[in-house]
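This is entry30.txt. It holds compact mmCIF, C-alpha atoms.
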# COMPACT_ATOMS: atom_id res chain seq x y z
CA MET A 22 0.00 0.00 0.00
CA PRO A 23 1.25 3.53 -0.64
CA ASP A 24 2.96 5.56 2.07
CA SER A 25 1.38 7.83 4.70
CA ASP A 26 0.93 10.64 2.18
CA PHE A 27 -1.53 8.46 0.31
CA PRO A 28 -4.99 10.04 0.29
CA ASP A 29 -7.49 9.13 2.97
CA TYR A 30 -10.37 7.19 1.51
CA ALA A 31 -13.64 5.74 2.72
CA TYR A 32 -16.73 4.11 1.39
CA ARG A 33 -19.95 5.36 2.97
CA PRO A 34 -22.63 2.69 2.54
CA ASP A 35 -25.31 5.03 3.93
CA LEU A 36 -24.78 7.34 0.94
CA ASP A 37 -23.27 4.79 -1.45
CA LEU A 38 -20.36 7.20 -1.81
CA PHE A 39 -16.59 6.71 -2.21
CA THR A 40 -14.65 9.67 -0.82
CA VAL A 41 -10.96 10.44 -1.29
CA ARG A 42 -9.24 13.30 0.55
CA TRP A 43 -5.68 14.34 -0.25
CA PRO A 44 -3.89 15.26 3.00
CA THR A 45 -0.97 17.42 1.88
CA HIS A 46 0.03 20.44 -0.14
CA GLU A 47 2.22 18.94 -2.81
CA LEU A 48 3.64 20.69 -5.82
CA VAL A 49 1.84 18.44 -8.28
CA ALA A 50 -1.87 18.00 -7.74
CA THR A 51 -2.07 14.77 -9.65
CA SER A 52 0.12 12.03 -8.28
CA ARG A 53 -0.29 9.33 -10.88
CA SER A 54 0.70 6.63 -8.41
CA ASP A 55 -2.08 7.78 -6.03
CA TYR A 56 -4.64 7.72 -8.82
CA GLU A 57 -3.49 4.32 -10.06
CA ALA A 58 -3.64 2.87 -6.53
CA LEU A 59 -7.21 4.10 -6.13
CA LEU A 60 -8.29 1.88 -9.02
CA LEU A 61 -7.16 -1.16 -7.04
CA LEU A 62 -9.27 -0.39 -3.97
CA PRO A 63 -12.39 -2.52 -3.55
CA GLU A 64 -14.12 0.50 -2.01
CA ALA A 65 -13.81 2.33 -5.33
CA ARG A 66 -15.70 -0.44 -7.11
CA ARG A 67 -18.65 -0.46 -4.69
CA THR A 68 -20.25 2.67 -6.10
CA THR A 69 -20.37 4.93 -9.11
CA ARG A 70 -20.40 8.05 -6.88
CA TRP A 71 -16.95 9.41 -6.11
CA LEU A 72 -15.98 12.60 -4.28
CA PHE A 73 -12.35 13.75 -4.58
CA ASP A 74 -11.42 16.43 -2.07
CA VAL A 75 -8.38 18.21 -3.47
CA ARG A 76 -8.73 21.39 -1.40
CA ARG A 77 -5.35 20.75 0.25
CA ARG A 78 -3.73 20.12 -3.10
CA PRO A 79 -4.74 23.26 -4.95
CA TYR A 80 -2.18 23.18 -7.75
CA THR A 81 -3.25 21.62 -11.02
CA ASP A 82 -1.56 21.92 -14.36
CA ALA A 83 -2.89 21.25 -17.84
CA THR A 84 -0.68 18.17 -18.30
CA SER A 85 -2.02 16.56 -15.12
CA ALA A 86 -5.61 17.44 -16.02
CA ARG A 87 -5.14 15.97 -19.51
CA TRP A 88 -3.78 12.69 -18.08
CA VAL A 89 -6.69 12.33 -15.63
CA ILE A 90 -9.27 13.06 -18.31
CA THR A 91 -7.86 11.18 -21.29
CA ASP A 92 -6.19 8.24 -19.56
CA TRP A 93 -7.20 7.63 -15.96
CA LEU A 94 -10.86 8.63 -15.95
CA PRO A 95 -11.90 6.38 -18.86
CA ARG A 96 -10.15 3.45 -17.18
CA ALA A 97 -11.84 4.22 -13.86
CA ALA A 98 -15.25 4.40 -15.53
CA ALA A 99 -14.63 1.08 -17.31
CA LEU A 100 -14.35 -0.67 -13.92
CA LEU A 101 -17.92 0.22 -12.99
CA PRO A 102 -21.27 -1.20 -14.11
CA ALA A 103 -22.83 2.26 -14.61
CA PRO A 104 -21.54 5.73 -15.49
CA LEU A 105 -19.14 7.19 -12.94
CA ARG A 106 -20.14 10.45 -11.25
CA LEU A 107 -17.00 12.23 -10.01
CA ALA A 108 -17.18 15.45 -8.02
CA TYR A 109 -13.93 17.35 -7.46
CA LEU A 110 -14.01 19.49 -4.34
CA VAL A 111 -11.62 22.43 -4.72
CA ALA A 112 -10.84 25.42 -2.51
CA PRO A 113 -13.05 28.43 -3.37
CA THR A 114 -10.05 30.56 -4.35
CA ARG A 115 -8.78 27.77 -6.58
CA ALA A 116 -12.22 27.39 -8.18
CA ALA A 117 -12.01 31.02 -9.30
CA GLU A 118 -8.47 30.51 -10.61
CA LEU A 119 -9.50 27.39 -12.52
CA ALA A 120 -12.41 29.23 -14.11
CA ALA A 121 -9.97 31.86 -15.39
CA ASP A 122 -7.22 29.41 -16.46
CA THR A 123 -7.94 28.76 -20.15
CA ALA A 124 -5.29 26.02 -20.46
CA ILE A 125 -6.93 23.93 -17.74
CA GLY A 126 -10.41 24.87 -18.95
CA ASP A 127 -9.54 23.58 -22.41
CA GLU A 128 -8.51 20.25 -20.87
CA VAL A 129 -11.43 19.88 -18.44
CA ARG A 130 -14.31 21.18 -20.59
CA PRO A 131 -14.57 18.08 -22.84
CA ALA A 132 -14.84 15.87 -19.74
CA THR A 133 -18.00 17.69 -18.63
CA LEU A 134 -19.92 17.10 -21.86
CA PRO A 135 -22.78 14.57 -22.08
CA GLY A 136 -22.34 11.18 -23.69
CA LEU A 137 -19.24 10.03 -21.82
CA PRO A 138 -19.08 6.99 -19.50
CA TYR A 139 -18.61 9.43 -16.64
CA LEU A 140 -19.87 12.76 -15.38
CA LEU A 141 -17.30 15.17 -13.95
CA ARG A 142 -18.03 18.38 -12.06
CA PRO A 143 -15.88 20.69 -9.93
CA PHE A 144 -17.35 22.13 -6.72
CA ALA A 145 -16.23 24.61 -4.09
CA ASP A 146 -18.95 23.50 -1.64
CA GLU A 147 -19.01 19.93 -0.28
CA GLY A 148 -22.74 19.95 0.37
CA ALA A 149 -23.45 20.90 -3.23
CA ALA A 150 -21.05 18.21 -4.44
CA VAL A 151 -22.75 15.49 -2.39
CA ARG A 152 -26.22 16.64 -3.49
CA TRP A 153 -25.09 16.43 -7.13
CA LEU A 154 -23.62 12.98 -6.59
CA LEU A 155 -26.82 11.71 -4.99
CA ALA A 156 -29.14 13.26 -7.61
Full structure transcribed into structure tokens:
Amino acid sequence: MPDSDFPDYAYRPDLDLFTVRWPTHELVATSRSDYEALLLLPEARRTTRWLFDVRRRPYTDATSARWVITDWLPRAAALLPAPLRLAYLVAPTRAAELAADTAIGDEVRPATLPGLPYLLRPFADEGAAVRWLLA
């Protein structure tokens, strides 16, 4: 299993929700080894509702976003019997920055369009994210 910097994760059967929370401020928001390890967790395969809390890892670059969207996310969705709903919880200040960052927007926008085997949405409010996941 990954080291102590590995994200905290839990499956909540009461909500049928898989939650992952990154604990540290690292320079790169997307640790590929963390994301790959998540695909091996049985908790991740129990539900199609995933909440990724990246508020403590606010930095994201276009290369990392592209890898998640074009490589990792399709593989994650393929593990599940129904479309994956993935809510990214970001810090409010980072949400504003992401909205203004055209390079990241160009990478993320296609992943939010209908017709994919997953639905992806960023949120700055955890309650709103959970409501969307449960809708």
Would you mind listing what lies within 10 Å of stretch 129-131 of chain A as number ranges by chain, with all atoms listed in the file counted and same-chain residues fewer than 3 positions away left out? A: 83, 86-87, 89-91, 119, 123-126, 134-135, 137, 141-143
Contacts of A:Pro28 at 9 Å or less, counting only C-alpha atoms, minus same-chain residues fewer than 6 places along, as a VMD selection string? chain A and resid 41 to 45 55
So, with all atoms listed in the file as the atoms that count, which of A:Tyr109, A:Tyr56, A:Phe144, A:Trp71 lies closest to A:Leu38? A:Trp71
Find the residue from A:Arg76, A:Arg106, A:Arg96, A:Arg115 that sits nearest to A:Leu60; use only C-alpha atoms when measuring. A:Arg96
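Between atom CA of A:Val75 and atom CA of A:Pro104 the separation is 21.8 Å.
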